[in-house]
Amino acid sequence: MPRIVPNLWFDSEAEQAAEFYVSVFPNSQVNNVVPYGEAGPGSPGSVMLVEFSLDGQPYTAINGGPRFPFTEAISLMINCADQAEVDYYWSKLTDGGQEVQCGWLKDKYGLSWQVFPAEAAEVLGDPDPARSLRAMTAMLGMKKIDLAALRAAAAAD
């Protein structure tokens, strides 16, 4: 089966974005930088494509111009083990970016991310509908997910 590789379209920041992302995620690296040739459409020698990996998952980034900006229609989800991981990724990715809601954010390049702790799914999916509703209501008021607040909301009577 072929490996699916997300391709991220940037105006002109593909190399900077890839370098930023590999600095945020462990076990990550820029694997290859491909320049535009004489055929263009970019300036010869400027960066056309960057191949990189984030913790073993391959990605490509292309400098394709301003025609197709990122939208919230797609986001990359980070499944975090605990609140410390949520805090780390939230801090790194919102630097120069924008906090949105319910664990969503946009980084400084406009790419949407979900920073979501695994335990939150358990709290939100509590078999007791009242507990689940209280947790969901609490989450809807959050930007960055706060596990302690979700737990407290679920437990409140």
# chains A, B, ... in the order shown; residues from 1 in each chain; ligands from 1
call {"tool": "select_by_dssp", "arguments": {"residues": "chain A", "states": "helix (DSSP H, G or I)", "output": "ChimeraX atom specification"}}
result
/A:14-24,83-94,118-124,129-140,147-155
call {"tool": "write_last_selection", "arguments": {"atoms": "N, CA and C atoms", "output": "short mmCIF file (atom, residue, chain, number, x, y, z; two decimals), in the first residue's frame"}}
result
data_model
loop_
_atom_site.label_atom_id
_atom_site.label_comp_id
_atom_site.auth_asym_id
_atom_site.auth_seq_id
_atom_site.Cartn_x
_atom_site.Cartn_y
_atom_site.Cartn_z
N ALA A 14 8.00 27.63 2.60
CA ALA A 14 8.07 26.18 2.82
C ALA A 14 9.29 25.76 3.62
N GLU A 15 10.45 26.28 3.28
CA GLU A 15 11.67 25.88 3.98
C GLU A 15 11.66 26.37 5.43
N GLN A 16 11.27 27.62 5.65
CA GLN A 16 11.20 28.15 7.01
C GLN A 16 10.19 27.38 7.85
N ALA A 17 9.04 27.07 7.26
CA ALA A 17 8.01 26.33 7.99
C ALA A 17 8.52 24.93 8.35
N ALA A 18 9.13 24.23 7.40
CA ALA A 18 9.65 22.88 7.67
C ALA A 18 10.70 22.93 8.78
N GLU A 19 11.59 23.90 8.71
CA GLU A 19 12.61 24.04 9.76
C GLU A 19 11.97 24.31 11.12
N PHE A 20 10.93 25.14 11.12
CA PHE A 20 10.22 25.41 12.37
C PHE A 20 9.57 24.14 12.91
N TYR A 21 8.84 23.42 12.08
CA TYR A 21 8.15 22.22 12.53
C TYR A 21 9.12 21.16 13.06
N VAL A 22 10.25 20.97 12.39
CA VAL A 22 11.20 19.96 12.89
C VAL A 22 11.85 20.41 14.19
N SER A 23 11.87 21.71 14.47
CA SER A 23 12.40 22.18 15.75
C SER A 23 11.41 21.94 16.89
N VAL A 24 10.13 21.82 16.56
CA VAL A 24 9.09 21.64 17.57
C VAL A 24 8.90 20.17 17.94
N GLN A 83 -1.12 16.80 30.05
CA GLN A 83 -1.22 18.26 30.01
C GLN A 83 0.12 18.91 29.69
N ALA A 84 1.21 18.33 30.16
CA ALA A 84 2.53 18.90 29.87
C ALA A 84 2.79 18.93 28.37
N GLU A 85 2.42 17.87 27.66
CA GLU A 85 2.59 17.87 26.20
C GLU A 85 1.67 18.89 25.56
N VAL A 86 0.43 18.99 26.02
CA VAL A 86 -0.49 20.01 25.49
C VAL A 86 0.13 21.38 25.65
N ASP A 87 0.62 21.68 26.85
CA ASP A 87 1.20 22.99 27.12
C ASP A 87 2.40 23.27 26.22
N TYR A 88 3.27 22.27 26.03
CA TYR A 88 4.47 22.43 25.20
C TYR A 88 4.09 22.77 23.76
N TYR A 89 3.26 21.92 23.14
CA TYR A 89 2.91 22.13 21.74
C TYR A 89 2.09 23.40 21.55
N TRP A 90 1.21 23.69 22.49
CA TRP A 90 0.39 24.90 22.40
C TRP A 90 1.29 26.13 22.42
N SER A 91 2.24 26.15 23.32
CA SER A 91 3.15 27.28 23.44
C SER A 91 3.98 27.47 22.17
N LYS A 92 4.54 26.40 21.64
CA LYS A 92 5.38 26.48 20.45
C LYS A 92 4.58 26.89 19.22
N LEU A 93 3.43 26.29 19.02
CA LEU A 93 2.68 26.52 17.79
C LEU A 93 1.86 27.80 17.79
N THR A 94 1.52 28.33 18.96
CA THR A 94 0.79 29.61 18.98
C THR A 94 1.74 30.81 18.95
N ALA A 118 -5.13 12.79 25.05
CA ALA A 118 -5.86 11.53 24.90
C ALA A 118 -6.94 11.37 25.97
N GLU A 119 -6.64 11.77 27.19
CA GLU A 119 -7.61 11.60 28.28
C GLU A 119 -8.88 12.42 28.08
N ALA A 120 -8.79 13.51 27.33
CA ALA A 120 -9.96 14.36 27.12
C ALA A 120 -11.07 13.57 26.42
N ALA A 121 -10.70 12.69 25.51
CA ALA A 121 -11.71 11.88 24.81
C ALA A 121 -12.45 10.98 25.80
N GLU A 122 -11.75 10.47 26.79
CA GLU A 122 -12.39 9.63 27.81
C GLU A 122 -13.36 10.44 28.65
N VAL A 123 -12.93 11.63 29.05
CA VAL A 123 -13.78 12.48 29.88
C VAL A 123 -15.01 12.93 29.09
N LEU A 124 -14.80 13.34 27.84
CA LEU A 124 -15.92 13.80 27.01
C LEU A 124 -16.87 12.66 26.64
N PRO A 129 -24.32 10.60 30.80
CA PRO A 129 -24.59 11.75 29.93
C PRO A 129 -24.43 13.10 30.63
N ALA A 130 -24.76 13.20 31.90
CA ALA A 130 -24.63 14.47 32.62
C ALA A 130 -23.16 14.85 32.77
N ARG A 131 -22.31 13.87 33.09
CA ARG A 131 -20.87 14.14 33.22
C ARG A 131 -20.28 14.55 31.87
N SER A 132 -20.67 13.83 30.85
CA SER A 132 -20.19 14.13 29.50
C SER A 132 -20.62 15.54 29.07
N LEU A 133 -21.86 15.89 29.33
CA LEU A 133 -22.38 17.22 28.97
C LEU A 133 -21.62 18.32 29.70
N ARG A 134 -21.38 18.12 31.00
CA ARG A 134 -20.64 19.14 31.76
C ARG A 134 -19.22 19.31 31.21
N ALA A 135 -18.58 18.21 30.85
CA ALA A 135 -17.23 18.30 30.28
C ALA A 135 -17.25 19.00 28.93
N MET A 136 -18.21 18.64 28.09
CA MET A 136 -18.31 19.27 26.76
C MET A 136 -18.58 20.76 26.88
N THR A 137 -19.46 21.13 27.79
CA THR A 137 -19.76 22.55 28.01
C THR A 137 -18.51 23.29 28.44
N ALA A 138 -17.73 22.69 29.32
CA ALA A 138 -16.48 23.31 29.76
C ALA A 138 -15.51 23.45 28.59
N MET A 139 -15.38 22.41 27.78
CA MET A 139 -14.43 22.47 26.66
C MET A 139 -14.81 23.54 25.66
N LEU A 140 -16.11 23.73 25.42
CA LEU A 140 -16.55 24.74 24.47
C LEU A 140 -16.15 26.15 24.88
N LEU A 147 -7.02 19.80 31.00
CA LEU A 147 -7.53 18.51 31.49
C LEU A 147 -8.11 18.60 32.90
N ALA A 148 -7.44 19.32 33.79
CA ALA A 148 -7.94 19.42 35.17
C ALA A 148 -9.32 20.08 35.19
N ALA A 149 -9.50 21.09 34.37
CA ALA A 149 -10.80 21.76 34.32
C ALA A 149 -11.87 20.85 33.71
N LEU A 150 -11.51 20.05 32.72
CA LEU A 150 -12.47 19.10 32.15
C LEU A 150 -12.89 18.06 33.18
N ARG A 151 -11.89 17.52 33.91
CA ARG A 151 -12.20 16.54 34.95
C ARG A 151 -13.10 17.14 36.02
N ALA A 152 -12.77 18.36 36.44
CA ALA A 152 -13.55 19.03 37.49
C ALA A 152 -14.99 19.29 37.02
N ALA A 153 -15.14 19.71 35.77
CA ALA A 153 -16.47 19.95 35.24
C ALA A 153 -17.28 18.67 35.19
N ALA A 154 -16.65 17.60 34.76
CA ALA A 154 -17.37 16.31 34.68
C ALA A 154 -17.79 15.85 36.06
N ALA A 155 -16.96 16.07 37.08
CA ALA A 155 -17.22 15.59 38.43
C ALA A 155 -18.21 16.48 39.20
#
call {"tool": "atom_distance", "arguments": {"atom1": "CA of Gly56 (chain A)", "atom2": "CA of Asn31 (chain A)"}}
result
11.1 Å
call {"tool": "closest_residue", "arguments": {"among": "A:Gly40, A:Gly65, A:Gly125, A:Gly45", "to": "Trp9 (chain A)", "atoms": "only C-alpha atoms"}}
result
A:Gly65
call {"tool": "decode", "arguments": {"residues": "region 7-150 of chain A", "atoms": "C-alpha atoms", "output": "CSV table (one decimal), in the first residue's frame"}}
result
chain,number,residue,atom,x,y,z
A,7,ASN,CA,1.6,18.1,1.0
A,8,LEU,CA,1.5,21.6,2.5
A,9,TRP,CA,1.2,24.5,0.1
A,10,PHE,CA,2.9,27.7,1.1
A,11,ASP,CA,3.3,31.0,-0.6
A,12,SER,CA,7.1,31.2,-0.2
A,13,GLU,CA,7.8,30.0,3.3
A,14,ALA,CA,8.1,26.2,2.8
A,15,GLU,CA,11.7,25.9,4.0
A,16,GLN,CA,11.2,28.2,7.0
A,17,ALA,CA,8.0,26.3,8.0
A,18,ALA,CA,9.6,22.9,7.7
A,19,GLU,CA,12.6,24.0,9.8
A,20,PHE,CA,10.2,25.4,12.4
A,21,TYR,CA,8.1,22.2,12.5
A,22,VAL,CA,11.2,20.0,12.9
A,23,SER,CA,12.4,22.2,15.8
A,24,VAL,CA,9.1,21.6,17.6
A,25,PHE,CA,8.6,17.9,17.2
A,26,PRO,CA,11.1,15.3,18.4
A,27,ASN,CA,12.7,12.8,16.0
A,28,SER,CA,12.1,15.1,13.1
A,29,GLN,CA,14.3,16.3,10.2
A,30,VAL,CA,14.4,18.1,6.9
A,31,ASN,CA,15.3,15.4,4.4
A,32,ASN,CA,15.6,17.2,1.1
A,33,VAL,CA,15.3,20.7,-0.4
A,34,VAL,CA,14.5,20.9,-4.1
A,35,PRO,CA,15.1,24.2,-6.0
A,36,TYR,CA,13.2,25.5,-8.9
A,37,GLY,CA,15.0,25.0,-12.2
A,38,GLU,CA,15.0,27.2,-15.3
A,39,ALA,CA,11.5,26.0,-16.3
A,40,GLY,CA,10.0,27.7,-13.2
A,41,PRO,CA,7.4,28.8,-12.3
A,42,GLY,CA,9.5,30.0,-9.4
A,43,SER,CA,12.8,31.8,-9.7
A,44,PRO,CA,15.6,29.5,-10.6
A,45,GLY,CA,17.5,28.3,-7.5
A,46,SER,CA,14.7,29.4,-5.1
A,47,VAL,CA,13.1,26.7,-3.0
A,48,MET,CA,10.3,24.7,-4.8
A,49,LEU,CA,9.8,21.7,-2.5
A,50,VAL,CA,10.9,20.6,1.0
A,51,GLU,CA,10.7,17.0,2.1
A,52,PHE,CA,10.7,16.6,5.9
A,53,SER,CA,9.5,14.2,8.6
A,54,LEU,CA,7.8,14.8,11.9
A,55,ASP,CA,8.4,11.9,14.3
A,56,GLY,CA,8.7,9.6,11.3
A,57,GLN,CA,5.7,10.8,9.4
A,58,PRO,CA,6.8,12.2,6.0
A,59,TYR,CA,5.5,15.6,4.7
A,60,THR,CA,6.3,17.8,1.7
A,61,ALA,CA,6.0,21.5,1.6
A,62,ILE,CA,5.8,23.4,-1.7
A,63,ASN,CA,6.3,27.1,-2.4
A,64,GLY,CA,3.4,27.5,-4.9
A,65,GLY,CA,2.5,31.1,-4.4
A,66,PRO,CA,-0.4,32.8,-2.7
A,67,ARG,CA,-3.1,31.1,-4.8
A,68,PHE,CA,-4.2,28.5,-2.2
A,69,PRO,CA,-4.0,29.7,1.5
A,70,PHE,CA,-4.6,27.3,4.4
A,71,THR,CA,-8.1,27.0,5.8
A,72,GLU,CA,-9.6,25.3,8.8
A,73,ALA,CA,-11.1,22.7,6.5
A,74,ILE,CA,-8.0,20.6,7.3
A,75,SER,CA,-5.9,20.5,10.4
A,76,LEU,CA,-3.1,18.3,11.8
A,77,MET,CA,-4.0,16.7,15.1
A,78,ILE,CA,-1.4,16.1,17.9
A,79,ASN,CA,-2.5,13.4,20.2
A,80,CYS,CA,-0.9,14.4,23.5
A,81,ALA,CA,-0.1,12.0,26.4
A,82,ASP,CA,-0.8,14.6,29.1
A,83,GLN,CA,-1.2,18.3,30.0
A,84,ALA,CA,2.5,18.9,29.9
A,85,GLU,CA,2.6,17.9,26.2
A,86,VAL,CA,-0.5,20.0,25.5
A,87,ASP,CA,1.2,23.0,27.1
A,88,TYR,CA,4.5,22.4,25.2
A,89,TYR,CA,2.9,22.1,21.7
A,90,TRP,CA,0.4,24.9,22.4
A,91,SER,CA,3.2,27.3,23.4
A,92,LYS,CA,5.4,26.5,20.5
A,93,LEU,CA,2.7,26.5,17.8
A,94,THR,CA,0.8,29.6,19.0
A,95,ASP,CA,4.0,31.7,19.1
A,96,GLY,CA,3.3,34.1,16.3
A,97,GLY,CA,0.0,32.3,15.6
A,98,GLN,CA,-3.5,32.4,16.9
A,99,GLU,CA,-5.5,30.5,19.6
A,100,VAL,CA,-8.8,29.4,18.3
A,101,GLN,CA,-11.2,27.2,20.3
A,102,CYS,CA,-11.5,23.7,21.8
A,103,GLY,CA,-7.9,22.8,21.3
A,104,TRP,CA,-7.6,24.3,17.8
A,105,LEU,CA,-4.9,26.9,16.8
A,106,LYS,CA,-3.3,28.4,13.8
A,107,ASP,CA,0.4,28.6,13.6
A,108,LYS,CA,2.4,31.6,12.3
A,109,TYR,CA,2.1,30.1,8.8
A,110,GLY,CA,-1.7,29.8,9.0
A,111,LEU,CA,-1.8,26.0,9.3
A,112,SER,CA,-4.5,24.7,11.7
A,113,TRP,CA,-3.6,22.2,14.4
A,114,GLN,CA,-5.6,20.4,17.1
A,115,VAL,CA,-3.6,19.9,20.3
A,116,PHE,CA,-5.7,17.3,22.1
A,117,PRO,CA,-4.9,15.2,25.2
A,118,ALA,CA,-5.9,11.5,24.9
A,119,GLU,CA,-7.6,11.6,28.3
A,120,ALA,CA,-10.0,14.4,27.1
A,121,ALA,CA,-11.7,11.9,24.8
A,122,GLU,CA,-12.4,9.6,27.8
A,123,VAL,CA,-13.8,12.5,29.9
A,124,LEU,CA,-15.9,13.8,27.0
A,125,GLY,CA,-17.1,10.3,26.2
A,126,ASP,CA,-18.1,9.5,29.8
A,127,PRO,CA,-21.0,7.0,29.8
A,128,ASP,CA,-22.9,9.2,32.2
A,129,PRO,CA,-24.6,11.8,29.9
A,130,ALA,CA,-24.6,14.5,32.6
A,131,ARG,CA,-20.9,14.1,33.2
A,132,SER,CA,-20.2,14.1,29.5
A,133,LEU,CA,-22.4,17.2,29.0
A,134,ARG,CA,-20.6,19.1,31.8
A,135,ALA,CA,-17.2,18.3,30.3
A,136,MET,CA,-18.3,19.3,26.8
A,137,THR,CA,-19.8,22.5,28.0
A,138,ALA,CA,-16.5,23.3,29.8
A,139,MET,CA,-14.4,22.5,26.7
A,140,LEU,CA,-16.6,24.7,24.5
A,141,GLY,CA,-15.4,27.6,26.6
A,142,MET,CA,-11.7,26.8,26.3
A,143,LYS,CA,-9.1,27.6,23.7
A,144,LYS,CA,-6.2,25.4,25.0
A,145,ILE,CA,-7.6,22.2,26.5
A,146,ASP,CA,-7.2,22.1,30.3
A,147,LEU,CA,-7.5,18.5,31.5
A,148,ALA,CA,-7.9,19.4,35.2
A,149,ALA,CA,-10.8,21.8,34.3
A,150,LEU,CA,-12.5,19.1,32.1
